[in-house]
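Have a look at the structure below, then the notes.
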Amino acid sequence: MSSHTSRYSLANLIRHGLTGHRGWTPAWRHPEPKPEYDAIIVGGGGHGLASAYYLAKNHGMTNIAVLEKGWLGGGNTGRNTTIVRSNYLLDGNAKFYEHGMKLWEGLSQDLNYNVMFSQRGVLNLAHTKGQLETFRRRGNAMHLNGIDAEILNRDDVAKFVPSMNMSPDARFPVEGGLLQPRGGTARHDAVAWGYARGADQRGVDIIQNCEVTGIRRDQNGVVGVETSRGYIATKKIGLAVAGHSTQLAAMADVRLPIESHVLQAMVSEPVKPVLDTVITFGAAHLYVSQSDKGELVMGGDIDGYNSFAQRGSLAIVEHVTTCLMALFPQFSRLAILRTWGGIMDMTTDGSPIIGTTPVPGLFLNGGWCYGGFKATPASGWVFAHTVATGQPHVLNAELSLDRFHTGRVLDEKGAGPYPWLH
Amino acid sequence: MILLTCPHCGPRGISEFTYRGDATVARPTAPEGVDDTSWVEYLHLRDNHKGPHDELWHHVQGCRRWLRVRRDVVTHKVISCCDLAGDPAGDVAESNP
């Protein structure tokens, strides 16, 4: 652990304030890679850093490293729409994401780092009676798994989001919605930085600008990784590389049920507070919330064709903003400030993969589709367990890679084995 | 927007087309006879190359023909686009940066 003066607290804020804030130390070190580690996590995004943090904290493994080809949180951790929820239908997903929700609720205190978790509620809008019935079913399934869920009728929705167009003449009139009050948003960069700082304080080496270019094996399993900064020996490798899971797994001759697709997000210019919850539009595809800076943060569908380009087409931007206009006509004169894309590893059942692989010592945390950010704490928690013990945690047992062989897939949408439809 | 040069209709934006994924995946001809491993390979496992990718597109808002497209998934450059029926006269090469 670092000295007490680098802890973030009111007392230290005052103490450093009296000395011109010149005493703060960097939040993590920049160590040179050692020749060998007990375990290596590939990928310095939220999932990789959380995995390293819980490996050190829960399993006492501190001779480990996180290797990142760019900079911390520079991939999808910094590109998502920051939504946190656990409103899932299927047991295998619901219990996992709900464990994550409980971790979120204490995360800032646990990390001693403000991740700005705001439980402002996540409201899924229904536009037909039939859709509201399917939401009721999902809400009931959530209750059975101990997750909070409320069905709102039309009047409840109008009261909950007074700024929304509730006219019966709207293009898609609102019938009601499914609200998860404990859902909300968190500051995504802070999640990566908080986990990095926590892992570093426990002795984890976080090595940036270090790209893994190969995985060395012998007959017993993995023995090390080739990197842009030389060879590093290890008996355990955990992959947490989002859109490039296929490429990393291929270094150990493992084929995955994954295609890479681009998902876009965008923000409007900042305005005063107008929206104090997270809305998802059930008629087409839009999710929107307002950031603490005042920007409306929006996302929609993936572009729908394989892509490794971190940019997408304007058709999706148009679709998302059209949906926004349908719900909030008063936003029509807001300018879009920025749009960007991130590469999703879309699985053939739309659910993530966390677990062992056919190669001893090689573990996979990927296939996050749309759902990666909210899963960060739970993902790190169960992946750390999997890497440390060699066996899946009870919460990721159903998220195994071999479910595609046994047929126990977790297809929330019932869309079939088409990654671009999930 | 990416343009696909349909061999029947000419250059059209991809919003006219529906995507049907990896064109190299072939359904086993006698599904009742295949083992689990080859079935999983067909149903789920993909090469997901970072580079030229062969894929199927349906010109659903145009001639309604199925097209086989080779596209670089990093640059979105369309390398070739032809009718799935394999009419050699329908083959066109194009560049679409």
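Chains: A, B, ... in order of the structure tokens. Residues: from 1 per chain. Ligands: from 1, in order shown.
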
message: With 6 Å as the limit and counting only C-alpha atoms, what residues in chain B lie close to chain A? Please list them as a ChimeraX atom specification.
response: /B:1,44-46,48,73-74

message: So that I can see what lies close to range 58-67 of chain A, please list as a PyMOL selection string the residues with an atom at most 8 Å from it, counting only C-alpha atoms and leaving out residues fewer than 2 positions away in the same chain.
response: chain A and resi 33+37-44+48-49+52+54-56+69+202-212+384-385+388

- request: From a DSSP pass on the backbone, collect the residues of range 135-344 of chain A flagged as strand (DSSP E or B) and hand them back as number ranges by chain.
  value: A: 150-153, 176-180, 184-185, 205-207, 212-218, 221-227, 230-233, 237-239, 256, 258-268, 278-281, 286-290, 296-306, 336-344

Any chance you could tabulate, as a tab-separated table, the residues of range 226-287 of chain A at most 9 Å from range 80-98 of chain A with each one's nearest atom pair and distance in Å to one decimal, using only C-alpha atoms, in chain and rising number order?
residue	atom	partner	partner_atom	distance
A:Leu263	CA	A:Asn80	CA	8.9
A:Gln264	CA	A:Asn80	CA	8.5
A:Ala265	CA	A:Thr81	CA	6.8
A:Met266	CA	A:Thr81	CA	8.4
A:Val278	CA	A:Ile83	CA	7.7
A:Tyr287	CA	A:Thr81	CA	8.4

I need the residues from that last selection saved to file as an mmCIF file, in the first residue's frame (with N, CA, C and O atoms), if you can.
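Written file, part20.cif:
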data_model
loop_
_atom_site.group_PDB
_atom_site.id
_atom_site.type_symbol
_atom_site.label_atom_id
_atom_site.label_comp_id
_atom_site.auth_asym_id
_atom_site.auth_seq_id
_atom_site.Cartn_x
_atom_site.Cartn_y
_atom_site.Cartn_z
ATOM 1 N N LEU A 263 -19.866 0.036 -32.914
ATOM 2 C CA LEU A 263 -21.001 0.653 -32.231
ATOM 3 C C LEU A 263 -20.671 2.120 -32.028
ATOM 4 O O LEU A 263 -19.604 2.452 -31.525
ATOM 5 N N GLN A 264 -21.588 2.983 -32.450
ATOM 6 C CA GLN A 264 -21.333 4.417 -32.332
ATOM 7 C C GLN A 264 -22.016 5.010 -31.110
ATOM 8 O O GLN A 264 -23.016 4.489 -30.622
ATOM 9 N N ALA A 265 -21.477 6.119 -30.662
ATOM 10 C CA ALA A 265 -22.120 6.916 -29.620
ATOM 11 C C ALA A 265 -21.896 8.370 -29.981
ATOM 12 O O ALA A 265 -21.078 8.681 -30.852
ATOM 13 N N MET A 266 -22.651 9.243 -29.358
ATOM 14 C CA MET A 266 -22.531 10.664 -29.709
ATOM 15 C C MET A 266 -23.022 11.529 -28.556
ATOM 16 O O MET A 266 -23.781 11.058 -27.694
ATOM 17 N N VAL A 278 -32.082 7.788 -17.235
ATOM 18 C CA VAL A 278 -31.628 7.181 -18.491
ATOM 19 C C VAL A 278 -32.854 6.629 -19.206
ATOM 20 O O VAL A 278 -33.633 5.874 -18.616
ATOM 21 N N TYR A 287 -30.721 5.105 -26.727
ATOM 22 C CA TYR A 287 -30.630 5.276 -25.281
ATOM 23 C C TYR A 287 -29.995 6.632 -25.052
ATOM 24 O O TYR A 287 -29.064 7.026 -25.745
#

field: helix (DSSP H, G or I) positions in range 119-331 of chain A, given as a ChimeraX atom specification
entry: /A:129-144,154-160,188-201,242-250,314-327,329-331

task: Within 9 Å of Ser108 in chain A, counting only C-alpha atoms, which residues show up once you throw out same-chain ones fewer than 4 positions away? Write them as a ChimeraX atom specification, please.
output: /A:104,112-117,191,194

task: Select, from B:Gly21, B:Glu55, B:Arg68, B:Pro28, the residue with the minimum atom-to-atom distance to Tyr42 in chain B, counting only C-alpha atoms.
output: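 Between B:Gly21, B:Glu55, B:Arg68, B:Pro28, the residue approaching Tyr42 in chain B most closely is B:Pro28.
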
field: Distance in Å - CA of Ser51 in chain A versus CA of Thr277 in chain A
entry: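 Interatomic distance, CA of Ser51 in chain A to CA of Thr277 in chain A: 29.4 Å.
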
- request: Would you mind reading off the distance between CA of Ile151 in chain A and CA of Leu132 in chain A, one decimal, in Å?
  value: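 Separating CA of Ile151 in chain A from CA of Leu132 in chain A is a distance of 8.3 Å.
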
- request: Calculate how many Å separate CA of His127 in chain A from CA of His285 in chain A, rounding to one decimal.
  value: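 Atom-to-atom, CA of His127 in chain A and CA of His285 in chain A are spaced 12.5 Å apart.
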
task: Point out the residue among A:Ala240, A:Val297, A:Leu111, A:Ile147 with the least atom-to-atom distance to Glu269 in chain A, counting only C-alpha atoms.
output: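 When distances to Glu269 in chain A are compared using only C-alpha atoms, the smallest one comes from A:Val297.
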
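Closest approach to His58 in chain B from the set B:Val25, B:Phe17, B:Arg70, B:Pro7 is made by B:Phe17, with distances taken over only C-alpha atoms.
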
field: Nearby residues (only C-alpha atoms) at most 12 Å from range 166-174 of chain A, same-chain spacing under 5 positions excluded, as a VMD selection string
entry: chain A and resid 123 to 129 131 to 132 152 to 161 280 to 284 322 to 329

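Residues within 9 Å of Arg79 in chain A, counting only C-alpha atoms and excluding same-chain residues fewer than 4 positions away, are Gly73, Gly74, Gly75, His188, Gln264, Ala265, Trp340, Gly341 and Gly342 of chain A.
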
Using the selection just defined, write its residues with all heavy atoms as a PDB file, in the first residue's frame.
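What follows is the written file again_26.pdb:
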ATOM      1  N   GLY A  73      -7.679   2.669 -20.561  1.00  0.00           N
ATOM      2  CA  GLY A  73      -9.048   3.120 -20.817  1.00  0.00           C
ATOM      3  C   GLY A  73      -9.213   3.803 -22.163  1.00  0.00           C
ATOM      4  O   GLY A  73     -10.170   4.539 -22.379  1.00  0.00           O
ATOM      5  N   GLY A  74      -8.292   3.567 -23.118  1.00  0.00           N
ATOM      6  CA  GLY A  74      -8.370   4.247 -24.415  1.00  0.00           C
ATOM      7  C   GLY A  74      -9.251   3.532 -25.424  1.00  0.00           C
ATOM      8  O   GLY A  74      -9.481   4.030 -26.517  1.00  0.00           O
ATOM      9  N   GLY A  75      -9.749   2.367 -25.057  1.00  0.00           N
ATOM     10  CA  GLY A  75     -10.634   1.632 -25.970  1.00  0.00           C
ATOM     11  C   GLY A  75     -12.084   1.865 -25.604  1.00  0.00           C
ATOM     12  O   GLY A  75     -12.518   3.009 -25.405  1.00  0.00           O
ATOM     13  N   HIS A 188     -17.008   6.886 -16.828  1.00  0.00           N
ATOM     14  CA  HIS A 188     -16.281   5.703 -17.298  1.00  0.00           C
ATOM     15  C   HIS A 188     -14.759   5.793 -17.137  1.00  0.00           C
ATOM     16  O   HIS A 188     -14.123   4.821 -16.752  1.00  0.00           O
ATOM     17  CB  HIS A 188     -16.669   5.349 -18.731  1.00  0.00           C
ATOM     18  CG  HIS A 188     -16.643   6.481 -19.708  1.00  0.00           C
ATOM     19  ND1 HIS A 188     -17.275   6.400 -20.916  1.00  0.00           N
ATOM     20  CD2 HIS A 188     -16.081   7.697 -19.663  1.00  0.00           C
ATOM     21  CE1 HIS A 188     -17.085   7.538 -21.563  1.00  0.00           C
ATOM     22  NE2 HIS A 188     -16.377   8.326 -20.833  1.00  0.00           N
ATOM     23  N   GLN A 264     -21.588   2.983 -32.450  1.00  0.00           N
ATOM     24  CA  GLN A 264     -21.333   4.417 -32.332  1.00  0.00           C
ATOM     25  C   GLN A 264     -22.016   5.010 -31.110  1.00  0.00           C
ATOM     26  O   GLN A 264     -23.016   4.489 -30.622  1.00  0.00           O
ATOM     27  CB  GLN A 264     -21.858   5.138 -33.578  1.00  0.00           C
ATOM     28  CG  GLN A 264     -21.181   4.699 -34.854  1.00  0.00           C
ATOM     29  CD  GLN A 264     -21.562   5.614 -36.004  1.00  0.00           C
ATOM     30  OE1 GLN A 264     -21.137   6.758 -36.058  1.00  0.00           O
ATOM     31  NE2 GLN A 264     -22.359   5.108 -36.924  1.00  0.00           N
ATOM     32  N   ALA A 265     -21.477   6.119 -30.662  1.00  0.00           N
ATOM     33  CA  ALA A 265     -22.120   6.916 -29.620  1.00  0.00           C
ATOM     34  C   ALA A 265     -21.896   8.370 -29.981  1.00  0.00           C
ATOM     35  O   ALA A 265     -21.078   8.681 -30.852  1.00  0.00           O
ATOM     36  CB  ALA A 265     -21.533   6.597 -28.250  1.00  0.00           C
ATOM     37  N   TRP A 340     -18.481   9.076 -32.254  1.00  0.00           N
ATOM     38  CA  TRP A 340     -17.299   8.202 -32.296  1.00  0.00           C
ATOM     39  C   TRP A 340     -17.769   6.756 -32.344  1.00  0.00           C
ATOM     40  O   TRP A 340     -18.958   6.476 -32.200  1.00  0.00           O
ATOM     41  CB  TRP A 340     -16.391   8.449 -31.080  1.00  0.00           C
ATOM     42  CG  TRP A 340     -17.051   8.152 -29.771  1.00  0.00           C
ATOM     43  CD1 TRP A 340     -17.008   6.980 -29.097  1.00  0.00           C
ATOM     44  CD2 TRP A 340     -17.858   9.045 -28.975  1.00  0.00           C
ATOM     45  NE1 TRP A 340     -17.741   7.075 -27.927  1.00  0.00           N
ATOM     46  CE2 TRP A 340     -18.263   8.324 -27.833  1.00  0.00           C
ATOM     47  CE3 TRP A 340     -18.271  10.370 -29.126  1.00  0.00           C
ATOM     48  CZ2 TRP A 340     -19.071   8.890 -26.847  1.00  0.00           C
ATOM     49  CZ3 TRP A 340     -19.077  10.914 -28.132  1.00  0.00           C
ATOM     50  CH2 TRP A 340     -19.462  10.185 -27.010  1.00  0.00           C
ATOM     51  N   GLY A 341     -16.849   5.857 -32.569  1.00  0.00           N
ATOM     52  CA  GLY A 341     -17.201   4.436 -32.627  1.00  0.00           C
ATOM     53  C   GLY A 341     -16.226   3.601 -31.826  1.00  0.00           C
ATOM     54  O   GLY A 341     -15.081   3.989 -31.618  1.00  0.00           O
ATOM     55  N   GLY A 342     -16.697   2.462 -31.378  1.00  0.00           N
ATOM     56  CA  GLY A 342     -15.837   1.488 -30.693  1.00  0.00           C
ATOM     57  C   GLY A 342     -16.103   0.121 -31.291  1.00  0.00           C
ATOM     58  O   GLY A 342     -17.194  -0.132 -31.805  1.00  0.00           O
TER      59      GLY A 342
END
